[in-house]
$ cat model05.pdb   # PDB, C-alpha atoms, pLDDT in the B column
ATOM      1  CA  MET A 908      67.383 -43.238  64.873  1.00 43.00           C
ATOM      2  CA  TYR A 909      67.898 -43.498  61.160  1.00 41.00           C
ATOM      3  CA  GLY A 910      64.146 -43.924  60.568  1.00 46.00           C
ATOM      4  CA  GLN A 911      63.449 -40.414  61.925  1.00 46.00           C
ATOM      5  CA  SER A 912      65.826 -38.621  59.579  1.00 50.00           C
ATOM      6  CA  PRO A 913      63.374 -38.300  56.602  1.00 49.00           C
ATOM      7  CA  THR A 914      60.666 -36.906  58.901  1.00 47.00           C
ATOM      8  CA  ARG A 915      63.019 -34.309  60.351  1.00 46.00           C
ATOM      9  CA  ALA A 916      64.132 -33.353  56.872  1.00 41.00           C
ATOM     10  CA  VAL A 917      60.548 -32.799  55.740  1.00 36.00           C
ATOM     11  CA  LEU A 918      59.771 -30.660  58.795  1.00 37.00           C
ATOM     12  CA  PHE A 919      62.916 -28.619  58.243  1.00 39.00           C
ATOM     13  CA  LEU A 920      62.048 -27.943  54.591  1.00 40.00           C
ATOM     14  CA  LEU A 921      58.480 -27.018  55.559  1.00 37.00           C
ATOM     15  CA  GLY A 922      59.805 -24.542  58.119  1.00 40.00           C
ATOM     16  CA  VAL A 923      62.086 -22.948  55.535  1.00 36.00           C
ATOM     17  CA  GLN A 924      59.179 -22.510  53.120  1.00 41.00           C
ATOM     18  CA  LEU A 925      56.955 -20.921  55.768  1.00 35.00           C
ATOM     19  CA  THR A 926      59.746 -18.518  56.732  1.00 36.00           C
ATOM     20  CA  ALA A 927      60.183 -17.498  53.111  1.00 39.00           C
ATOM     21  CA  LEU A 928      56.457 -16.744  52.786  1.00 41.00           C
ATOM     22  CA  TRP A 929      56.329 -14.579  55.972  1.00 41.00           C
ATOM     23  CA  PRO A 930      57.339 -10.930  55.347  1.00 52.00           C
ATOM     24  CA  VAL A 931      60.472  -9.573  56.945  1.00 52.00           C
ATOM     25  CA  ALA A 932      59.523  -7.745  60.162  1.00 66.00           C
ATOM     26  CA  ALA A 933      61.198  -4.376  59.663  1.00 86.00           C
ATOM     27  CA  VAL A 934      59.885  -0.834  60.028  1.00 94.00           C
ATOM     28  CA  GLU A 935      60.869   1.633  57.298  1.00 96.00           C
ATOM     29  CA  ILE A 936      61.424   5.220  58.487  1.00 96.00           C
ATOM     30  CA  TYR A 937      61.165   8.326  56.278  1.00 97.00           C
ATOM     31  CA  THR A 938      62.526  11.757  57.276  1.00 97.00           C
ATOM     32  CA  PRO A 939      63.674  14.878  55.375  1.00 96.00           C
ATOM     33  CA  ARG A 940      67.270  14.088  56.442  1.00 94.00           C
ATOM     34  CA  VAL A 941      68.382  17.769  56.319  1.00 97.00           C
ATOM     35  CA  LEU A 942      66.354  20.692  57.642  1.00 97.00           C
ATOM     36  CA  GLU A 943      67.048  24.410  58.051  1.00 97.00           C
ATOM     37  CA  ALA A 944      65.003  26.766  60.241  1.00 96.00           C
ATOM     38  CA  VAL A 945      65.267  30.314  61.570  1.00 97.00           C
ATOM     39  CA  ASN A 946      66.199  31.048  65.170  1.00 96.00           C
ATOM     40  CA  GLY A 947      63.177  31.853  67.344  1.00 95.00           C
ATOM     41  CA  THR A 948      60.634  30.136  65.084  1.00 96.00           C
ATOM     42  CA  ASP A 949      58.840  26.784  65.373  1.00 97.00           C
ATOM     43  CA  VAL A 950      59.711  23.775  63.221  1.00 97.00           C
ATOM     44  CA  ARG A 951      57.976  20.494  62.435  1.00 98.00           C
ATOM     45  CA  LEU A 952      60.237  17.467  62.609  1.00 98.00           C
ATOM     46  CA  LYS A 953      58.532  15.176  60.134  1.00 98.00           C
ATOM     47  CA  CYS A 954      58.825  11.406  60.526  1.00 98.00           C
ATOM     48  CA  THR A 955      56.643   8.833  58.761  1.00 98.00           C
ATOM     49  CA  PHE A 956      56.937   5.057  58.579  1.00 97.00           C
ATOM     50  CA  SER A 957      55.687   1.898  56.891  1.00 96.00           C
ATOM     51  CA  SER A 958      55.094  -1.462  58.547  1.00 94.00           C
ATOM     52  CA  PHE A 959      53.775  -4.903  57.579  1.00 92.00           C
ATOM     53  CA  ALA A 960      51.917  -5.169  60.869  1.00 94.00           C
ATOM     54  CA  PRO A 961      48.730  -3.162  61.514  1.00 94.00           C
ATOM     55  CA  VAL A 962      49.172  -0.177  63.786  1.00 95.00           C
ATOM     56  CA  GLY A 963      47.837  -0.824  67.282  1.00 94.00           C
ATOM     57  CA  ASP A 964      48.359   0.002  70.940  1.00 96.00           C
ATOM     58  CA  ALA A 965      51.765  -1.691  70.893  1.00 96.00           C
ATOM     59  CA  LEU A 966      53.217   1.088  68.719  1.00 97.00           C
ATOM     60  CA  THR A 967      56.025   3.078  70.372  1.00 97.00           C
ATOM     61  CA  VAL A 968      57.870   6.156  69.113  1.00 98.00           C
ATOM     62  CA  THR A 969      61.084   7.526  70.589  1.00 98.00           C
ATOM     63  CA  TRP A 970      62.680  10.853  69.666  1.00 98.00           C
ATOM     64  CA  ASN A 971      66.231  11.660  70.808  1.00 98.00           C
ATOM     65  CA  PHE A 972      68.763  14.425  70.141  1.00 98.00           C
ATOM     66  CA  ARG A 973      72.540  14.476  69.600  1.00 97.00           C
ATOM     67  CA  PRO A 974      74.114  17.968  69.846  1.00 96.00           C
ATOM     68  CA  ARG A 975      76.258  19.026  66.919  1.00 93.00           C
ATOM     69  CA  ASP A 976      79.116  20.070  69.199  1.00 88.00           C
ATOM     70  CA  GLY A 977      79.133  16.678  70.908  1.00 87.00           C
ATOM     71  CA  GLY A 978      77.890  15.415  74.213  1.00 88.00           C
ATOM     72  CA  PRO A 979      75.514  12.690  75.408  1.00 92.00           C
ATOM     73  CA  GLU A 980      72.278  11.840  73.617  1.00 95.00           C
ATOM     74  CA  GLN A 981      69.257  13.620  75.082  1.00 96.00           C
ATOM     75  CA  PHE A 982      65.613  12.553  75.370  1.00 97.00           C
ATOM     76  CA  VAL A 983      63.147  14.611  73.326  1.00 97.00           C
ATOM     77  CA  PHE A 984      59.792  12.805  73.178  1.00 98.00           C
ATOM     78  CA  TYR A 985      58.080   9.444  73.658  1.00 98.00           C
ATOM     79  CA  TYR A 986      54.756   8.088  72.404  1.00 98.00           C
ATOM     80  CA  HIS A 987      52.893   4.942  73.472  1.00 97.00           C
ATOM     81  CA  VAL A 988      49.116   5.196  73.134  1.00 95.00           C
ATOM     82  CA  ASP A 989      49.480   8.718  74.557  1.00 96.00           C
ATOM     83  CA  PRO A 990      52.251  11.310  74.079  1.00 95.00           C
ATOM     84  CA  PHE A 991      54.771  11.792  76.891  1.00 95.00           C
ATOM     85  CA  LYS A 992      56.490  15.172  77.004  1.00 90.00           C
ATOM     86  CA  PRO A 993      59.873  15.682  78.671  1.00 93.00           C
ATOM     87  CA  MET A 994      59.465  16.822  82.282  1.00 94.00           C
ATOM     88  CA  SER A 995      62.903  18.430  82.454  1.00 93.00           C
ATOM     89  CA  GLY A 996      65.854  19.400  80.307  1.00 92.00           C
ATOM     90  CA  ARG A 997      66.261  21.661  77.307  1.00 92.00           C
ATOM     91  CA  PHE A 998      63.095  20.463  75.567  1.00 96.00           C
ATOM     92  CA  LYS A 999      60.709  20.907  78.483  1.00 95.00           C
ATOM     93  CA  ASP A1000      57.601  22.867  77.361  1.00 95.00           C
ATOM     94  CA  ARG A1001      59.079  23.191  73.870  1.00 97.00           C
ATOM     95  CA  VAL A1002      57.987  19.999  72.103  1.00 97.00           C
ATOM     96  CA  VAL A1003      54.493  18.711  71.293  1.00 97.00           C
ATOM     97  CA  TRP A1004      53.046  15.720  69.461  1.00 97.00           C
ATOM     98  CA  ASP A1005      51.978  16.427  65.862  1.00 97.00           C
ATOM     99  CA  GLY A1006      51.594  12.903  64.535  1.00 97.00           C
ATOM    100  CA  ASN A1007      48.806  10.557  63.494  1.00 97.00           C
ATOM    101  CA  PRO A1008      49.739   6.868  63.842  1.00 96.00           C
ATOM    102  CA  GLU A1009      46.722   5.779  61.789  1.00 95.00           C
ATOM    103  CA  ARG A1010      48.316   7.645  58.885  1.00 96.00           C
ATOM    104  CA  TYR A1011      51.785   6.360  59.791  1.00 97.00           C
ATOM    105  CA  ASP A1012      52.850   9.845  60.864  1.00 98.00           C
ATOM    106  CA  VAL A1013      54.852  10.256  64.109  1.00 98.00           C
ATOM    107  CA  SER A1014      56.043  13.853  63.694  1.00 98.00           C
ATOM    108  CA  ILE A1015      56.611  16.383  66.478  1.00 98.00           C
ATOM    109  CA  LEU A1016      56.697  20.180  66.746  1.00 98.00           C
ATOM    110  CA  LEU A1017      59.674  21.981  68.286  1.00 98.00           C
ATOM    111  CA  TRP A1018      58.941  25.495  69.546  1.00 97.00           C
ATOM    112  CA  LYS A1019      61.143  28.589  69.909  1.00 96.00           C
ATOM    113  CA  LEU A1020      64.270  27.338  68.184  1.00 97.00           C
ATOM    114  CA  GLN A1021      67.656  28.219  69.657  1.00 95.00           C
ATOM    115  CA  PHE A1022      71.090  28.052  68.109  1.00 95.00           C
ATOM    116  CA  ASP A1023      72.091  25.267  70.479  1.00 93.00           C
ATOM    117  CA  ASP A1024      69.277  23.148  68.990  1.00 96.00           C
ATOM    118  CA  ASN A1025      71.643  22.433  66.098  1.00 97.00           C
ATOM    119  CA  GLY A1026      72.244  18.719  65.822  1.00 97.00           C
ATOM    120  CA  THR A1027      70.772  15.353  64.875  1.00 98.00           C
ATOM    121  CA  TYR A1028      67.240  14.330  65.842  1.00 98.00           C
ATOM    122  CA  THR A1029      66.493  10.615  65.686  1.00 98.00           C
ATOM    123  CA  CYS A1030      63.087   9.003  65.218  1.00 98.00           C
ATOM    124  CA  GLN A1031      62.680   5.342  66.208  1.00 97.00           C
ATOM    125  CA  VAL A1032      59.434   3.443  65.605  1.00 97.00           C
ATOM    126  CA  LYS A1033      58.529  -0.025  66.878  1.00 96.00           C
ATOM    127  CA  ASN A1034      55.304  -1.680  65.792  1.00 96.00           C
ATOM    128  CA  PRO A1035      55.366  -5.273  67.094  1.00 94.00           C
ATOM    129  CA  PRO A1036      56.046  -7.702  65.618  1.00 93.00           C
ATOM    130  CA  ASP A1037      57.893  -5.195  63.384  1.00 92.00           C
ATOM    131  CA  VAL A1038      60.571  -3.981  65.773  1.00 89.00           C
ATOM    132  CA  ASP A1039      63.683  -3.904  63.596  1.00 89.00           C
ATOM    133  CA  GLY A1040      64.782  -1.359  61.052  1.00 88.00           C
ATOM    134  CA  LEU A1041      66.933   1.727  60.657  1.00 90.00           C
ATOM    135  CA  ILE A1042      66.423   4.782  62.865  1.00 95.00           C
ATOM    136  CA  GLY A1043      65.375   7.930  61.019  1.00 97.00           C
ATOM    137  CA  GLU A1044      67.608  10.998  61.318  1.00 97.00           C
ATOM    138  CA  ILE A1045      67.131  14.735  60.752  1.00 98.00           C
ATOM    139  CA  GLN A1046      70.121  17.086  60.621  1.00 97.00           C
ATOM    140  CA  LEU A1047      68.721  20.391  61.903  1.00 98.00           C
ATOM    141  CA  SER A1048      70.536  23.677  61.274  1.00 97.00           C
ATOM    142  CA  VAL A1049      69.265  26.757  63.105  1.00 96.00           C
ATOM    143  CA  VAL A1050      70.221  29.944  61.244  1.00 96.00           C
ATOM    144  CA  GLN A1051      69.676  33.677  61.634  1.00 91.00           C
ATOM    145  CA  THR A1052      67.814  34.089  58.337  1.00 79.00           C
ATOM    146  CA  VAL A1053      66.889  31.922  55.373  1.00 62.00           C
ATOM    147  CA  LEU A1054      67.102  33.345  51.845  1.00 56.00           C
ATOM    148  CA  SER A1055      63.835  32.921  49.994  1.00 50.00           C
ATOM    149  CA  HIS A1056      63.592  31.824  46.366  1.00 48.00           C
ATOM    150  CA  VAL A1057      62.708  35.413  45.411  1.00 44.00           C
ATOM    151  CA  GLN A1058      65.853  36.736  47.093  1.00 48.00           C
ATOM    152  CA  LEU A1059      68.009  34.067  45.489  1.00 47.00           C
ATOM    153  CA  PHE A1060      66.637  35.066  42.070  1.00 48.00           C
ATOM    154  CA  ALA A1061      66.695  38.822  42.656  1.00 46.00           C
ATOM    155  CA  THR A1062      70.288  39.052  43.913  1.00 49.00           C
ATOM    156  CA  PRO A1063      72.030  38.053  40.637  1.00 54.00           C
ATOM    157  CA  TRP A1064      69.396  39.984  38.646  1.00 48.00           C
ATOM    158  CA  ILE A1065      70.138  43.193  40.555  1.00 49.00           C
ATOM    159  CA  ALA A1066      73.865  42.683  40.056  1.00 52.00           C
ATOM    160  CA  ALA A1067      73.326  42.258  36.317  1.00 51.00           C
ATOM    161  CA  CYS A1068      71.221  45.437  36.182  1.00 44.00           C
ATOM    162  CA  GLN A1069      73.896  47.384  38.029  1.00 54.00           C
ATOM    163  CA  ALA A1070      76.516  46.189  35.574  1.00 50.00           C
ATOM    164  CA  SER A1071      74.292  47.206  32.639  1.00 50.00           C
ATOM    165  CA  LEU A1072      73.684  50.659  34.135  1.00 42.00           C
ATOM    166  CA  SER A1073      77.422  51.156  34.619  1.00 51.00           C
ATOM    167  CA  PHE A1074      78.018  50.285  30.965  1.00 46.00           C
ATOM    168  CA  ILE A1075      75.256  52.667  29.796  1.00 44.00           C
ATOM    169  CA  ILE A1076      76.603  55.524  31.923  1.00 41.00           C
ATOM    170  CA  SER A1077      80.153  54.971  30.625  1.00 50.00           C
ATOM    171  CA  TRP A1078      78.934  54.903  27.024  1.00 49.00           C
ATOM    172  CA  SER A1079      76.886  58.071  27.583  1.00 50.00           C
ATOM    173  CA  LEU A1080      79.900  59.893  28.963  1.00 41.00           C
ATOM    174  CA  LEU A1081      81.940  58.905  25.913  1.00 42.00           C
ATOM    175  CA  LYS A1082      79.205  60.257  23.640  1.00 55.00           C
ATOM    176  CA  LEU A1083      79.107  63.522  25.588  1.00 39.00           C
ATOM    177  CA  ILE A1084      82.859  63.925  25.295  1.00 39.00           C
ATOM    178  CA  SER A1085      82.645  63.369  21.534  1.00 52.00           C
ATOM    179  CA  ILE A1086      79.853  65.953  21.207  1.00 42.00           C
ATOM    180  CA  GLU A1087      81.785  68.452  23.289  1.00 46.00           C
ATOM    181  CA  LEU A1088      84.786  68.118  20.983  1.00 44.00           C
ATOM    182  CA  VAL A1089      82.619  68.885  17.972  1.00 48.00           C
ATOM    183  CA  VAL A1090      80.127  71.343  19.491  1.00 47.00           C
ATOM    184  CA  PRO A1091      81.438  72.773  22.773  1.00 48.00           C
ATOM    185  CA  SER A1092      78.124  73.982  24.123  1.00 48.00           C
ATOM    186  CA  ASN A1093      77.465  73.895  27.857  1.00 51.00           C
ATOM    187  CA  HIS A1094      73.698  74.069  27.358  1.00 47.00           C
ATOM    188  CA  LEU A1095      73.751  71.102  24.996  1.00 42.00           C
ATOM    189  CA  ILE A1096      75.843  69.036  27.391  1.00 46.00           C
ATOM    190  CA  LEU A1097      73.533  69.774  30.334  1.00 44.00           C
ATOM    191  CA  CYS A1098      70.512  68.919  28.218  1.00 39.00           C
ATOM    192  CA  LEU A1099      71.990  65.567  27.224  1.00 44.00           C
ATOM    193  CA  ILE A1100      72.963  64.754  30.814  1.00 49.00           C
ATOM    194  CA  PHE A1101      69.416  65.339  32.080  1.00 47.00           C
ATOM    195  CA  THR A1102      68.015  63.341  29.181  1.00 48.00           C
ATOM    196  CA  HIS A1103      70.188  60.316  30.054  1.00 47.00           C
ATOM    197  CA  ILE A1104      69.364  60.634  33.750  1.00 48.00           C
ATOM    198  CA  ASN A1105      65.655  60.596  32.948  1.00 50.00           C
ATOM    199  CA  LEU A1106      66.102  57.483  30.794  1.00 45.00           C
ATOM    200  CA  LEU A1107      67.995  55.671  33.553  1.00 46.00           C
ATOM    201  CA  CYS A1108      65.472  56.576  36.224  1.00 49.00           C
ATOM    202  CA  SER A1109      62.384  55.712  34.147  1.00 49.00           C
TER     203      SER A1109
END
$ encode --input "model05.pdb" --output "structure tokens"
Amino acid sequence: MYGQSPTRAVLFLLGVQLTALWPVAAVEIYTPRVLEAVNGTDVRLKCTFSSFAPVGDALTVTWNFRPRDGGPEQFVFYYHVDPFKPMSGRFKDRVVWDGNPERYDVSILLWKLQFDDNGTYTCQVKNPPDVDGLIGEIQLSVVQTVLSHVQLFATPWIAACQASLSFIISWSLLKLISIELVVPSNHLILCLIFTHINLLCS
């Protein structure tokens, strides 16, 4: 019994070394995390992944949905060699495959967004032997409109212009009052008013 102990110790150490050399089998998932889209439009739910194992026929992708206002998790989409659309439920005829596993892309398209589509969409990828790893999440917010970058820039600019115009008009009125006190001429006042209006409108 004691003569076998060194042999077992060597085998144990060899096993530890081999385990250290083998990469950890875990799939990494990448999603935009937060997404905003307009009601009635289509949106692409992007999900990509990385894996130590080569992508093959064993790859599976599962998309699920958790409503923002609570309730049970709902099935959205499944992929294994071929895409499998939901045959019933809220996502029937509204979701299509838009991925390319060879490029590590397992995204889907969601059509005709509704306000009750608000919630969390989860993307789970298994690529045996890489079957562990975190599940990707996308927090989708469906809104009435989305302000563009031009609108976001123009809104404060317009407000600043309005403030400047108000200041110019006030200053012009003060100048007119001063002129009227010195030279009370109705024709001169009307002429100056039209001149300032033309400057503001040009």
$ residues_around --input "model05.pdb" --residues "region 962-965 of chain A" --least-positions-apart "4" --cutoff "12 Å" --atoms "only C-alpha atoms" --output "MDAnalysis selection string"
chainID A and resid 934 956:958 986:989 1007:1013 1032:1038
$ resolve_selection --input "model05.pdb" --expression "the PyMOL selection byres ((chain A and resi 1002-1006) around 12)" --output "ChimeraX atom specification"
/A:949-956,968-971,982-1001,1007-1020
$ write_last_selection --input "model05.pdb" --atoms "C-alpha atoms" --output "compact mmCIF listing (two decimals), in the frame of the given file"
# COMPACT_ATOMS: atom_id res chain seq x y z
CA ASP A 949 58.84 26.78 65.37
CA VAL A 950 59.71 23.78 63.22
CA ARG A 951 57.98 20.49 62.44
CA LEU A 952 60.24 17.47 62.61
CA LYS A 953 58.53 15.18 60.13
CA CYS A 954 58.82 11.41 60.53
CA THR A 955 56.64 8.83 58.76
CA PHE A 956 56.94 5.06 58.58
CA VAL A 968 57.87 6.16 69.11
CA THR A 969 61.08 7.53 70.59
CA TRP A 970 62.68 10.85 69.67
CA ASN A 971 66.23 11.66 70.81
CA PHE A 982 65.61 12.55 75.37
CA VAL A 983 63.15 14.61 73.33
CA PHE A 984 59.79 12.80 73.18
CA TYR A 985 58.08 9.44 73.66
CA TYR A 986 54.76 8.09 72.40
CA HIS A 987 52.89 4.94 73.47
CA VAL A 988 49.12 5.20 73.13
CA ASP A 989 49.48 8.72 74.56
CA PRO A 990 52.25 11.31 74.08
CA PHE A 991 54.77 11.79 76.89
CA LYS A 992 56.49 15.17 77.00
CA PRO A 993 59.87 15.68 78.67
CA MET A 994 59.46 16.82 82.28
CA SER A 995 62.90 18.43 82.45
CA GLY A 996 65.85 19.40 80.31
CA ARG A 997 66.26 21.66 77.31
CA PHE A 998 63.10 20.46 75.57
CA LYS A 999 60.71 20.91 78.48
CA ASP A 1000 57.60 22.87 77.36
CA ARG A 1001 59.08 23.19 73.87
CA ASN A 1007 48.81 10.56 63.49
CA PRO A 1008 49.74 6.87 63.84
CA GLU A 1009 46.72 5.78 61.79
CA ARG A 1010 48.32 7.64 58.88
CA TYR A 1011 51.78 6.36 59.79
CA ASP A 1012 52.85 9.85 60.86
CA VAL A 1013 54.85 10.26 64.11
CA SER A 1014 56.04 13.85 63.69
CA ILE A 1015 56.61 16.38 66.48
CA LEU A 1016 56.70 20.18 66.75
CA LEU A 1017 59.67 21.98 68.29
CA TRP A 1018 58.94 25.50 69.55
CA LYS A 1019 61.14 28.59 69.91
CA LEU A 1020 64.27 27.34 68.18
$ residues_around --input "model05.pdb" --residues "Arg975 (chain A)" --least-positions-apart "4" --cutoff "8 Å" --atoms "all atoms listed in the file" --output "MDAnalysis selection string"
chainID A and resid 1025:1027
$ closest_residue --input "model05.pdb" --among "A:Cys1030, A:Leu1047, A:Ala933, A:Val941" --to "Phe959 (chain A)" --atoms "all atoms listed in the file"
A:Ala933
$ atom_distance --input "model05.pdb" --atom1 "CA of Pro974 (chain A)" --atom2 "CA of Asp1039 (chain A)"
25.0 Å
$ atom_distance --input "model05.pdb" --atom1 "CA of Ser1048 (chain A)" --atom2 "CA of Asn946 (chain A)"
9.4 Å
